[in-house]
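Trainee: To be precise about what I am sending: the file is called upload_1.pdb and holds PDB, C-alpha atoms, pLDDT in the B column.
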```pdb
ATOM      1  CA  MET A   1      51.468 -15.315  78.387  1.00 41.00           C
ATOM      2  CA  GLU A   2      51.570 -12.688  75.630  1.00 56.00           C
ATOM      3  CA  ARG A   3      48.700 -12.859  73.159  1.00 72.00           C
ATOM      4  CA  ASP A   4      49.603 -13.475  69.519  1.00 92.00           C
ATOM      5  CA  ILE A   5      49.037 -10.640  67.045  1.00 95.00           C
ATOM      6  CA  MET A   6      47.642 -11.276  63.562  1.00 96.00           C
ATOM      7  CA  VAL A   7      49.801 -10.599  60.521  1.00 95.00           C
ATOM      8  CA  GLY A   8      48.194  -9.359  57.321  1.00 94.00           C
ATOM      9  CA  PHE A   9      48.879 -10.771  53.872  1.00 93.00           C
ATOM     10  CA  GLY A  10      47.461 -10.604  50.366  1.00 88.00           C
ATOM     11  CA  GLY A  11      50.004  -9.300  47.876  1.00 86.00           C
ATOM     12  CA  LYS A  12      51.580 -11.884  45.565  1.00 90.00           C
ATOM     13  CA  GLN A  13      49.484 -14.567  47.205  1.00 94.00           C
ATOM     14  CA  ALA A  14      46.502 -16.897  46.834  1.00 96.00           C
ATOM     15  CA  TRP A  15      43.963 -17.637  49.536  1.00 98.00           C
ATOM     16  CA  LEU A  16      40.657 -19.327  50.193  1.00 98.00           C
ATOM     17  CA  ALA A  17      37.900 -17.997  52.434  1.00 98.00           C
ATOM     18  CA  VAL A  18      35.618 -20.713  53.809  1.00 98.00           C
ATOM     19  CA  ARG A  19      32.417 -19.765  55.629  1.00 98.00           C
ATOM     20  CA  GLY A  20      31.472 -21.154  59.020  1.00 96.00           C
ATOM     21  CA  THR A  21      33.952 -23.961  59.594  1.00 95.00           C
ATOM     22  CA  ALA A  22      37.257 -24.605  61.383  1.00 96.00           C
ATOM     23  CA  ALA A  23      40.869 -24.942  60.233  1.00 96.00           C
ATOM     24  CA  VAL A  24      41.194 -28.730  60.392  1.00 96.00           C
ATOM     25  CA  PRO A  25      38.238 -29.531  58.066  1.00 97.00           C
ATOM     26  CA  VAL A  26      39.677 -27.065  55.538  1.00 97.00           C
ATOM     27  CA  LEU A  27      43.089 -28.759  55.698  1.00 97.00           C
ATOM     28  CA  GLU A  28      41.432 -32.159  55.248  1.00 96.00           C
ATOM     29  CA  ALA A  29      39.311 -30.972  52.302  1.00 96.00           C
ATOM     30  CA  LEU A  30      42.461 -29.638  50.624  1.00 96.00           C
ATOM     31  CA  GLY A  31      44.179 -32.988  51.157  1.00 96.00           C
ATOM     32  CA  LEU A  32      46.935 -31.420  53.270  1.00 97.00           C
ATOM     33  CA  ARG A  33      48.745 -33.030  56.173  1.00 97.00           C
ATOM     34  CA  ASP A  34      48.197 -31.052  59.400  1.00 96.00           C
ATOM     35  CA  LEU A  35      51.602 -30.021  60.771  1.00 97.00           C
ATOM     36  CA  GLY A  36      50.051 -28.377  63.823  1.00 97.00           C
ATOM     37  CA  GLU A  37      49.688 -24.878  65.170  1.00 97.00           C
ATOM     38  CA  VAL A  38      52.169 -22.012  64.929  1.00 96.00           C
ATOM     39  CA  PRO A  39      52.108 -18.300  65.823  1.00 96.00           C
ATOM     40  CA  TRP A  40      50.745 -15.987  63.132  1.00 96.00           C
ATOM     41  CA  ARG A  41      54.098 -14.584  61.973  1.00 95.00           C
ATOM     42  CA  GLU A  42      55.503 -18.085  61.425  1.00 96.00           C
ATOM     43  CA  GLY A  43      52.368 -19.242  59.593  1.00 96.00           C
ATOM     44  CA  VAL A  44      52.263 -16.264  57.242  1.00 96.00           C
ATOM     45  CA  ASP A  45      56.021 -16.542  56.612  1.00 96.00           C
ATOM     46  CA  LEU A  46      55.567 -20.210  55.643  1.00 95.00           C
ATOM     47  CA  ALA A  47      52.725 -19.255  53.297  1.00 94.00           C
ATOM     48  CA  TYR A  48      55.019 -16.802  51.489  1.00 95.00           C
ATOM     49  CA  LEU A  49      58.379 -18.556  51.651  1.00 95.00           C
ATOM     50  CA  THR A  50      57.440 -22.126  50.745  1.00 95.00           C
ATOM     51  CA  ASP A  51      55.506 -23.596  47.860  1.00 94.00           C
ATOM     52  CA  ASP A  52      54.249 -26.702  49.658  1.00 96.00           C
ATOM     53  CA  ARG A  53      52.727 -25.221  52.839  1.00 97.00           C
ATOM     54  CA  VAL A  54      49.378 -23.562  53.523  1.00 98.00           C
ATOM     55  CA  ALA A  55      48.605 -21.434  56.574  1.00 98.00           C
ATOM     56  CA  VAL A  56      45.025 -21.760  57.835  1.00 98.00           C
ATOM     57  CA  THR A  57      43.561 -19.246  60.260  1.00 97.00           C
ATOM     58  CA  PRO A  58      41.071 -19.855  63.027  1.00 97.00           C
ATOM     59  CA  PRO A  59      37.560 -18.541  62.253  1.00 97.00           C
ATOM     60  CA  LEU A  60      37.607 -14.741  61.776  1.00 97.00           C
ATOM     61  CA  VAL A  61      34.665 -12.350  61.692  1.00 96.00           C
ATOM     62  CA  GLY A  62      34.289 -10.843  58.247  1.00 97.00           C
ATOM     63  CA  ALA A  63      31.668  -9.675  55.752  1.00 96.00           C
ATOM     64  CA  ARG A  64      28.036 -10.135  56.687  1.00 92.00           C
ATOM     65  CA  ASP A  65      29.150 -10.637  60.339  1.00 94.00           C
ATOM     66  CA  THR A  66      30.012 -14.184  59.324  1.00 97.00           C
ATOM     67  CA  ARG A  67      32.972 -16.262  60.463  1.00 98.00           C
ATOM     68  CA  TRP A  68      35.504 -17.193  57.783  1.00 98.00           C
ATOM     69  CA  VAL A  69      38.535 -19.480  57.854  1.00 98.00           C
ATOM     70  CA  VAL A  70      41.258 -18.224  55.529  1.00 98.00           C
ATOM     71  CA  ALA A  71      43.785 -20.616  53.962  1.00 98.00           C
ATOM     72  CA  ALA A  72      46.768 -18.958  52.268  1.00 97.00           C
ATOM     73  CA  GLY A  73      49.905 -20.084  50.531  1.00 96.00           C
ATOM     74  CA  ARG A  74      51.975 -20.047  47.363  1.00 94.00           C
ATOM     75  CA  TYR A  75      51.028 -23.721  47.069  1.00 96.00           C
ATOM     76  CA  LEU A  76      47.576 -22.541  45.924  1.00 96.00           C
ATOM     77  CA  LEU A  77      49.237 -20.572  43.067  1.00 92.00           C
ATOM     78  CA  ARG A  78      51.327 -23.447  41.739  1.00 91.00           C
ATOM     79  CA  PRO A  79      50.475 -24.512  38.168  1.00 88.00           C
ATOM     80  CA  ASP A  80      50.234 -28.148  39.300  1.00 91.00           C
ATOM     81  CA  THR A  81      47.793 -27.357  42.124  1.00 93.00           C
ATOM     82  CA  THR A  82      44.101 -27.493  41.324  1.00 91.00           C
ATOM     83  CA  VAL A  83      41.857 -25.428  43.568  1.00 93.00           C
ATOM     84  CA  ASP A  84      38.307 -26.578  42.841  1.00 97.00           C
ATOM     85  CA  VAL A  85      36.018 -24.234  44.794  1.00 98.00           C
ATOM     86  CA  VAL A  86      32.921 -26.041  43.538  1.00 98.00           C
ATOM     87  CA  ASP A  87      34.106 -29.400  44.896  1.00 97.00           C
ATOM     88  CA  LEU A  88      35.358 -27.852  48.157  1.00 98.00           C
ATOM     89  CA  SER A  89      32.069 -26.041  48.743  1.00 98.00           C
ATOM     90  CA  ALA A  90      30.112 -29.256  48.075  1.00 98.00           C
ATOM     91  CA  ARG A  91      32.280 -31.349  50.404  1.00 96.00           C
ATOM     92  CA  LEU A  92      32.284 -28.735  53.166  1.00 97.00           C
ATOM     93  CA  HIS A  93      28.586 -27.832  52.619  1.00 97.00           C
ATOM     94  CA  THR A  94      29.288 -24.100  52.666  1.00 98.00           C
ATOM     95  CA  GLU A  95      30.530 -21.121  50.693  1.00 98.00           C
ATOM     96  CA  VAL A  96      34.115 -21.207  49.440  1.00 98.00           C
ATOM     97  CA  GLN A  97      35.907 -18.310  47.779  1.00 98.00           C
ATOM     98  CA  PHE A  98      39.275 -18.281  46.027  1.00 98.00           C
ATOM     99  CA  PHE A  99      41.408 -15.183  45.508  1.00 97.00           C
ATOM    100  CA  ALA A 100      44.787 -14.805  43.808  1.00 96.00           C
ATOM    101  CA  THR A 101      46.883 -11.819  42.973  1.00 93.00           C
ATOM    102  CA  HIS A 102      50.415 -11.511  41.699  1.00 88.00           C
ATOM    103  CA  ARG A 103      51.586  -8.040  40.774  1.00 80.00           C
ATOM    104  CA  VAL A 104      54.539  -9.145  38.596  1.00 80.00           C
ATOM    105  CA  THR A 105      52.343 -10.708  35.886  1.00 79.00           C
ATOM    106  CA  GLU A 106      49.272  -8.756  37.048  1.00 85.00           C
ATOM    107  CA  LEU A 107      47.447 -12.061  37.570  1.00 91.00           C
ATOM    108  CA  HIS A 108      44.187 -11.398  39.428  1.00 94.00           C
ATOM    109  CA  ARG A 109      41.490 -14.003  40.087  1.00 95.00           C
ATOM    110  CA  TRP A 110      38.472 -14.664  42.223  1.00 98.00           C
ATOM    111  CA  GLN A 111      35.877 -17.411  42.382  1.00 98.00           C
ATOM    112  CA  ARG A 112      32.866 -18.046  44.569  1.00 98.00           C
ATOM    113  CA  ALA A 113      30.949 -21.303  45.034  1.00 98.00           C
ATOM    114  CA  VAL A 114      28.093 -22.094  47.405  1.00 98.00           C
ATOM    115  CA  ASP A 115      27.092 -25.657  48.311  1.00 97.00           C
ATOM    116  CA  GLY A 116      28.567 -27.106  45.131  1.00 97.00           C
ATOM    117  CA  ASP A 117      27.369 -24.425  42.702  1.00 98.00           C
ATOM    118  CA  LEU A 118      29.722 -21.979  40.994  1.00 98.00           C
ATOM    119  CA  VAL A 119      28.243 -18.516  41.541  1.00 98.00           C
ATOM    120  CA  ARG A 120      30.995 -16.356  40.078  1.00 98.00           C
ATOM    121  CA  ALA A 121      34.434 -16.650  38.508  1.00 97.00           C
ATOM    122  CA  PHE A 122      36.734 -13.974  37.139  1.00 97.00           C
ATOM    123  CA  GLY A 123      40.338 -14.202  35.988  1.00 94.00           C
ATOM    124  CA  TYR A 124      42.618 -11.620  34.405  1.00 92.00           C
ATOM    125  CA  VAL A 125      46.252 -11.434  33.318  1.00 91.00           C
ATOM    126  CA  GLY A 126      47.246  -7.804  32.957  1.00 86.00           C
ATOM    127  CA  GLN A 127      50.536  -8.639  31.267  1.00 87.00           C
ATOM    128  CA  THR A 128      48.568  -9.796  28.220  1.00 88.00           C
ATOM    129  CA  GLY A 129      45.285  -7.966  28.902  1.00 86.00           C
ATOM    130  CA  GLU A 130      43.478 -11.303  28.719  1.00 89.00           C
ATOM    131  CA  VAL A 131      40.354 -12.170  30.686  1.00 92.00           C
ATOM    132  CA  THR A 132      40.975 -15.852  31.438  1.00 92.00           C
ATOM    133  CA  SER A 133      37.648 -16.662  33.097  1.00 93.00           C
ATOM    134  CA  TRP A 134      34.217 -15.109  33.379  1.00 95.00           C
ATOM    135  CA  HIS A 135      31.245 -16.940  34.856  1.00 96.00           C
ATOM    136  CA  GLY A 136      28.098 -15.343  36.246  1.00 96.00           C
ATOM    137  CA  ASP A 137      27.247 -11.688  36.624  1.00 95.00           C
ATOM    138  CA  PRO A 138      29.450  -9.235  38.545  1.00 96.00           C
ATOM    139  CA  ASP A 139      27.985  -8.073  41.842  1.00 96.00           C
ATOM    140  CA  PRO A 140      28.176  -4.467  43.140  1.00 96.00           C
ATOM    141  CA  ALA A 141      31.637  -4.996  44.690  1.00 95.00           C
ATOM    142  CA  GLU A 142      32.995  -6.203  41.353  1.00 96.00           C
ATOM    143  CA  ARG A 143      31.348  -3.336  39.500  1.00 95.00           C
ATOM    144  CA  ASP A 144      32.961  -0.924  41.988  1.00 93.00           C
ATOM    145  CA  ALA A 145      36.276  -2.596  41.143  1.00 91.00           C
ATOM    146  CA  GLY A 146      35.747  -1.613  37.507  1.00 88.00           C
ATOM    147  CA  LEU A 147      34.262  -4.710  35.880  1.00 93.00           C
ATOM    148  CA  PRO A 148      31.637  -4.180  33.193  1.00 91.00           C
ATOM    149  CA  ALA A 149      28.127  -5.540  33.818  1.00 89.00           C
ATOM    150  CA  VAL A 150      28.528  -7.826  30.806  1.00 88.00           C
ATOM    151  CA  PHE A 151      31.738  -9.108  29.258  1.00 88.00           C
ATOM    152  CA  ASP A 152      32.225  -9.531  25.548  1.00 86.00           C
ATOM    153  CA  GLU A 153      35.290  -9.582  23.319  1.00 79.00           C
ATOM    154  CA  GLY A 154      35.263  -5.800  22.996  1.00 74.00           C
ATOM    155  CA  SER A 155      35.162  -5.147  26.735  1.00 79.00           C
ATOM    156  CA  THR A 156      38.089  -3.438  28.383  1.00 78.00           C
ATOM    157  CA  VAL A 157      39.015  -4.734  31.806  1.00 86.00           C
ATOM    158  CA  LEU A 158      41.647  -3.256  34.091  1.00 83.00           C
ATOM    159  CA  VAL A 159      41.956  -4.902  37.492  1.00 87.00           C
ATOM    160  CA  SER A 160      44.634  -4.426  40.132  1.00 90.00           C
ATOM    161  CA  GLU A 161      45.744  -6.100  43.322  1.00 92.00           C
ATOM    162  CA  SER A 162      43.747  -3.582  45.365  1.00 93.00           C
ATOM    163  CA  ASP A 163      40.608  -4.539  43.408  1.00 94.00           C
ATOM    164  CA  VAL A 164      41.051  -8.176  44.438  1.00 95.00           C
ATOM    165  CA  ARG A 165      41.255  -7.045  48.076  1.00 95.00           C
ATOM    166  CA  LYS A 166      38.115  -4.904  47.670  1.00 95.00           C
ATOM    167  CA  VAL A 167      36.131  -7.860  46.342  1.00 97.00           C
ATOM    168  CA  ALA A 168      37.514 -10.096  49.105  1.00 97.00           C
ATOM    169  CA  ASN A 169      36.488  -7.534  51.709  1.00 97.00           C
ATOM    170  CA  ALA A 170      32.930  -7.358  50.334  1.00 97.00           C
ATOM    171  CA  TRP A 171      32.574 -11.135  50.072  1.00 98.00           C
ATOM    172  CA  SER A 172      34.483 -12.355  53.142  1.00 98.00           C
ATOM    173  CA  ILE A 173      37.757 -10.828  54.428  1.00 97.00           C
ATOM    174  CA  ASP A 174      40.488  -8.572  53.081  1.00 97.00           C
ATOM    175  CA  PRO A 175      43.505 -10.297  54.672  1.00 97.00           C
ATOM    176  CA  THR A 176      45.601  -7.124  54.577  1.00 95.00           C
ATOM    177  CA  THR A 177      43.322  -5.649  57.264  1.00 96.00           C
ATOM    178  CA  LEU A 178      44.221  -8.313  59.828  1.00 96.00           C
ATOM    179  CA  ALA A 179      47.627  -6.824  60.693  1.00 95.00           C
ATOM    180  CA  GLY A 180      48.130  -5.751  64.290  1.00 94.00           C
ATOM    181  CA  ARG A 181      44.879  -7.099  65.691  1.00 95.00           C
ATOM    182  CA  PRO A 182      44.829  -9.648  68.539  1.00 95.00           C
ATOM    183  CA  ALA A 183      44.737 -13.184  67.159  1.00 96.00           C
ATOM    184  CA  PRO A 184      41.732 -15.350  68.117  1.00 95.00           C
ATOM    185  CA  GLY A 185      44.069 -18.361  68.073  1.00 94.00           C
ATOM    186  CA  PRO A 186      47.112 -19.784  66.315  1.00 95.00           C
ATOM    187  CA  ILE A 187      47.423 -20.658  62.652  1.00 96.00           C
ATOM    188  CA  HIS A 188      47.392 -24.287  61.507  1.00 97.00           C
ATOM    189  CA  VAL A 189      49.944 -25.231  58.888  1.00 98.00           C
ATOM    190  CA  GLY A 190      49.235 -27.867  56.282  1.00 97.00           C
ATOM    191  CA  ALA A 191      51.713 -29.587  53.997  1.00 97.00           C
ATOM    192  CA  ALA A 192      51.266 -31.034  50.543  1.00 92.00           C
ATOM    193  CA  ASP A 193      52.505 -34.608  50.357  1.00 80.00           C
TER     194      ASP A 193
END
```
For this file, write the structure as C-alpha cells.
Mentor:
Amino acid sequence: MERDIMVGFGGKQAWLAVRGTAAVPVLEALGLRDLGEVPWREGVDLAYLTDDRVAVTPPLVGARDTRWVVAAGRYLLRPDTTVDVVDLSARLHTEVQFFATHRVTELHRWQRAVDGDLVRAFGYVGQTGEVTSWHGDPDPAERDAGLPAVFDEGSTVLVSESDVRKVANAWSIDPTTLAGRPAPGPIHVGAAD
C-alpha cells in the first residue's frame, strides 16, 4: 500500500494548533461531527473548498519537539463561527493557538492560550491598517515579524501572510512546510451541524 503524502496549506486559511492531543478530542471540543478519515489531499481540499468542514491532522512534530494537532478550514474564518482559544485550551487542558491569514483583505491574526489563560492575541487588517486585537507582550518571533514591543495608537504595524507563518513556525507548526513529507496518518474531517 502506498503511503500518503502530506499536503501543505496556510494561505487564505485559518487553523488551530493544539499541543499534545489527538484529532478526535479536537473535533469534539470544536463541536464538530466526525465524518471519518480521508487522505491528506482530500482533507486539505475540503478545508479550502467548503465552509462547513474542518480537516484535522494526526499529531505532528513541531516547535519545541512537541506534537501538535492542526485543525484547518474556512469554517474557522466564517463571521458566524466563534473560535475561543481560551475555552478550548481549558477544556483540552493544553496549549491552543489560532492563526488566520487572508491576503485579499490582508487579515492576519494569531492567538495563544495555555490551560485556560490567554497569553497573547494579535489581529490586523491591512486593508484599513487597523490593529483589531492586542493582548500581552510580543515574543521574539513576533518582534522578528515586525511588531513593536509595545502598541499604542501611534504605532505602525505592517504584517503579511509570511509573518503569520513565521509566528506559527516558532510557536507550533508552519503548515506550508508539511508539503511532500510522508504522512503519519490520515486526516480526520469534521462537519459543522
Trainee: Go through the shown structure with the PyMOL selection byres ((chain A and resi 146-157) around 10) and write out the matching residues as a ChimeraX atom specification.
Mentor: /A:122,124-126,129-131,134-145,158-160,163
Trainee: Under the rule that all atoms listed in the file are counted, which of A:Leu88, A:Val104, A:Ala192, A:Ile173 is the nearest residue to Val70 in chain A?
Mentor: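 Using all atoms listed in the file, the shortest distance to Val70 in chain A belongs to A:Ile173.
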Trainee: Residues proximal to (40.4, -16.7, 52.2) were defined as those with any atom within 7 Å of that point in the file's coordinates, counting only C-alpha atoms. Which are they, as a PyMOL selection string?
Mentor: chain A and resi 15-18+69-72+97-99+173
Trainee: Show me, as a ChimeraX atom specification, the residues that have an atom within 9 Å of Gly180 in chain A when counting all atoms listed in the file, minus same-chain residues fewer than 5 positions from it.
Mentor: /A:5-8
Trainee: Counting only C-alpha atoms, which residue out of A:Thr50, A:Val24, A:Val85, A:Pro58 sits closest to Asp117 in chain A?
Mentor: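 Selected residue with least distance to Asp117 in chain A: A:Val85.
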Trainee: Find the residue from A:Lys166, A:Arg78, A:His102, A:Arg109 that sits nearest to Gly11 in chain A; use only C-alpha atoms when measuring.
Mentor: A:His102
Trainee: Which residue is closest to Ala14 in chain A? Choose from A:Ala121, A:Ala191, A:Leu77, A:Val114 and count all atoms listed in the file.
Mentor: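 Closest candidate: A:Leu77.
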Trainee: Hey, what comes out of the PyMOL selection byres ((chain A and resi 36-39) around 10) on this file? Could you write it as a list of chain:residue names?
Mentor: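 Applying the PyMOL selection byres ((chain A and resi 36-39) around 10) to the structure shown produces A:Arg3, A:Asp4, A:Ile5, A:Met6, A:Val7, A:Val24, A:Arg33, A:Asp34, A:Leu35, A:Trp40, A:Arg41, A:Glu42, A:Gly43, A:Val44, A:Ala55, A:Val56, A:Thr57, A:Ala183, A:Gly185, A:Pro186, A:Ile187, A:His188, A:Val189, A:Gly190.
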Trainee: Take the residues that were just selected and, keeping C-alpha atoms, output them as an mmCIF file, in the frame of the given file.
Mentor:
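Dumped everything to again.cif:
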```
data_model
loop_
_atom_site.group_PDB
_atom_site.id
_atom_site.type_symbol
_atom_site.label_atom_id
_atom_site.label_comp_id
_atom_site.auth_asym_id
_atom_site.auth_seq_id
_atom_site.Cartn_x
_atom_site.Cartn_y
_atom_site.Cartn_z
ATOM 1 C CA ARG A 3 48.700 -12.859 73.159
ATOM 2 C CA ASP A 4 49.603 -13.475 69.519
ATOM 3 C CA ILE A 5 49.037 -10.640 67.045
ATOM 4 C CA MET A 6 47.642 -11.276 63.562
ATOM 5 C CA VAL A 7 49.801 -10.599 60.521
ATOM 6 C CA VAL A 24 41.194 -28.730 60.392
ATOM 7 C CA ARG A 33 48.745 -33.030 56.173
ATOM 8 C CA ASP A 34 48.197 -31.052 59.400
ATOM 9 C CA LEU A 35 51.602 -30.021 60.771
ATOM 10 C CA TRP A 40 50.745 -15.987 63.132
ATOM 11 C CA ARG A 41 54.098 -14.584 61.973
ATOM 12 C CA GLU A 42 55.503 -18.085 61.425
ATOM 13 C CA GLY A 43 52.368 -19.242 59.593
ATOM 14 C CA VAL A 44 52.263 -16.264 57.242
ATOM 15 C CA ALA A 55 48.605 -21.434 56.574
ATOM 16 C CA VAL A 56 45.025 -21.760 57.835
ATOM 17 C CA THR A 57 43.561 -19.246 60.260
ATOM 18 C CA ALA A 183 44.737 -13.184 67.159
ATOM 19 C CA GLY A 185 44.069 -18.361 68.073
ATOM 20 C CA PRO A 186 47.112 -19.784 66.315
ATOM 21 C CA ILE A 187 47.423 -20.658 62.652
ATOM 22 C CA HIS A 188 47.392 -24.287 61.507
ATOM 23 C CA VAL A 189 49.944 -25.231 58.888
ATOM 24 C CA GLY A 190 49.235 -27.867 56.282
#
```
Trainee: Work out how far CA of Gln13 in chain A is from CA of Ala100 in chain A, in Å to one decimal.
Mentor: 5.8 Å
Trainee: Identify which of the residues A:Val61, A:Ala179, A:Leu32, A:Leu118 lies closest to Asp87 in chain A, counting only C-alpha atoms when measuring atom-to-atom distances.
Mentor: A:Leu118
Trainee: Can you work out the spacing between CA of Val96 in chain A and CA of Thr66 in chain A in Å, to one decimal?
Mentor: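 About the pair CA of Val96 in chain A and CA of Thr66 in chain A: they are 12.8 Å apart.
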Trainee: Kindly indicate which residue among A:Thr128, A:Thr81, A:Leu49, A:Arg19 lies nearest to Asp115 in chain A, using all atoms listed in the file for the distances.
Mentor: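 The shortest atom-to-atom distance to Asp115 in chain A comes from A:Arg19.
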Trainee: Evaluate the PyMOL selection byres ((chain A and resi 92) around 8) on the structure here and hand back the selected residues as a ChimeraX atom specification.
Mentor: /A:25-26,29,88-91,93-94,115
Trainee: Missing atoms in range 167-182 of chain A: fill them in up to N, CA, C and O atoms and send the result as a PDB file, in the frame of the given file.
Mentor:
```pdb
ATOM      1  N   VAL A 167      37.127  -6.803  46.533  1.00 97.00           N
ATOM      2  CA  VAL A 167      36.131  -7.860  46.342  1.00 97.00           C
ATOM      3  C   VAL A 167      36.183  -8.831  47.522  1.00 97.00           C
ATOM      4  O   VAL A 167      35.139  -9.215  48.060  1.00 97.00           O
ATOM      5  N   ALA A 168      37.376  -9.199  47.950  1.00 97.00           N
ATOM      6  CA  ALA A 168      37.514 -10.096  49.105  1.00 97.00           C
ATOM      7  C   ALA A 168      36.863  -9.483  50.339  1.00 97.00           C
ATOM      8  O   ALA A 168      36.165 -10.173  51.096  1.00 97.00           O
ATOM      9  N   ASN A 169      37.067  -8.205  50.552  1.00 97.00           N
ATOM     10  CA  ASN A 169      36.488  -7.534  51.709  1.00 97.00           C
ATOM     11  C   ASN A 169      34.959  -7.550  51.661  1.00 97.00           C
ATOM     12  O   ASN A 169      34.301  -7.740  52.678  1.00 97.00           O
ATOM     13  N   ALA A 170      34.384  -7.357  50.483  1.00 97.00           N
ATOM     14  CA  ALA A 170      32.930  -7.358  50.334  1.00 97.00           C
ATOM     15  C   ALA A 170      32.345  -8.758  50.483  1.00 97.00           C
ATOM     16  O   ALA A 170      31.254  -8.927  51.027  1.00 97.00           O
ATOM     17  N   TRP A 171      33.075  -9.770  50.023  1.00 98.00           N
ATOM     18  CA  TRP A 171      32.574 -11.135  50.072  1.00 98.00           C
ATOM     19  C   TRP A 171      32.878 -11.842  51.387  1.00 98.00           C
ATOM     20  O   TRP A 171      32.098 -12.635  51.859  1.00 98.00           O
ATOM     21  N   SER A 172      34.060 -11.608  51.940  1.00 98.00           N
ATOM     22  CA  SER A 172      34.483 -12.355  53.142  1.00 98.00           C
ATOM     23  C   SER A 172      35.432 -11.517  53.986  1.00 98.00           C
ATOM     24  O   SER A 172      35.007 -10.857  54.926  1.00 98.00           O
ATOM     25  N   ILE A 173      36.742 -11.540  53.647  1.00 97.00           N
ATOM     26  CA  ILE A 173      37.757 -10.828  54.428  1.00 97.00           C
ATOM     27  C   ILE A 173      38.862 -10.335  53.507  1.00 97.00           C
ATOM     28  O   ILE A 173      39.353 -11.088  52.659  1.00 97.00           O
ATOM     29  N   ASP A 174      39.276  -9.089  53.713  1.00 97.00           N
ATOM     30  CA  ASP A 174      40.488  -8.572  53.081  1.00 97.00           C
ATOM     31  C   ASP A 174      41.616  -8.905  54.054  1.00 97.00           C
ATOM     32  O   ASP A 174      41.712  -8.317  55.121  1.00 97.00           O
ATOM     33  N   PRO A 175      42.484  -9.862  53.712  1.00 97.00           N
ATOM     34  CA  PRO A 175      43.505 -10.297  54.672  1.00 97.00           C
ATOM     35  C   PRO A 175      44.555  -9.244  55.008  1.00 97.00           C
ATOM     36  O   PRO A 175      45.261  -9.393  55.992  1.00 97.00           O
ATOM     37  N   THR A 176      44.640  -8.176  54.224  1.00 95.00           N
ATOM     38  CA  THR A 176      45.601  -7.124  54.577  1.00 95.00           C
ATOM     39  C   THR A 176      45.143  -6.352  55.807  1.00 95.00           C
ATOM     40  O   THR A 176      45.954  -5.719  56.473  1.00 95.00           O
ATOM     41  N   THR A 177      43.860  -6.406  56.124  1.00 96.00           N
ATOM     42  CA  THR A 177      43.322  -5.649  57.264  1.00 96.00           C
ATOM     43  C   THR A 177      43.510  -6.351  58.598  1.00 96.00           C
ATOM     44  O   THR A 177      43.155  -5.798  59.640  1.00 96.00           O
ATOM     45  N   LEU A 178      44.051  -7.545  58.587  1.00 96.00           N
ATOM     46  CA  LEU A 178      44.221  -8.313  59.828  1.00 96.00           C
ATOM     47  C   LEU A 178      45.411  -7.835  60.662  1.00 96.00           C
ATOM     48  O   LEU A 178      45.447  -8.064  61.873  1.00 96.00           O
ATOM     49  N   ALA A 179      46.362  -7.197  60.039  1.00 95.00           N
ATOM     50  CA  ALA A 179      47.627  -6.824  60.693  1.00 95.00           C
ATOM     51  C   ALA A 179      47.410  -6.030  61.972  1.00 95.00           C
ATOM     52  O   ALA A 179      46.659  -5.061  62.001  1.00 95.00           O
ATOM     53  N   GLY A 180      48.091  -6.478  63.031  1.00 94.00           N
ATOM     54  CA  GLY A 180      48.130  -5.751  64.290  1.00 94.00           C
ATOM     55  C   GLY A 180      46.990  -6.030  65.245  1.00 94.00           C
ATOM     56  O   GLY A 180      47.022  -5.586  66.387  1.00 94.00           O
ATOM     57  N   ARG A 181      46.006  -6.781  64.814  1.00 95.00           N
ATOM     58  CA  ARG A 181      44.879  -7.099  65.691  1.00 95.00           C
ATOM     59  C   ARG A 181      45.191  -8.334  66.526  1.00 95.00           C
ATOM     60  O   ARG A 181      45.944  -9.212  66.086  1.00 95.00           O
ATOM     61  N   PRO A 182      44.611  -8.442  67.726  1.00 95.00           N
ATOM     62  CA  PRO A 182      44.829  -9.648  68.539  1.00 95.00           C
ATOM     63  C   PRO A 182      44.318 -10.890  67.807  1.00 95.00           C
ATOM     64  O   PRO A 182      43.231 -10.872  67.219  1.00 95.00           O
TER      65      PRO A 182
END
```
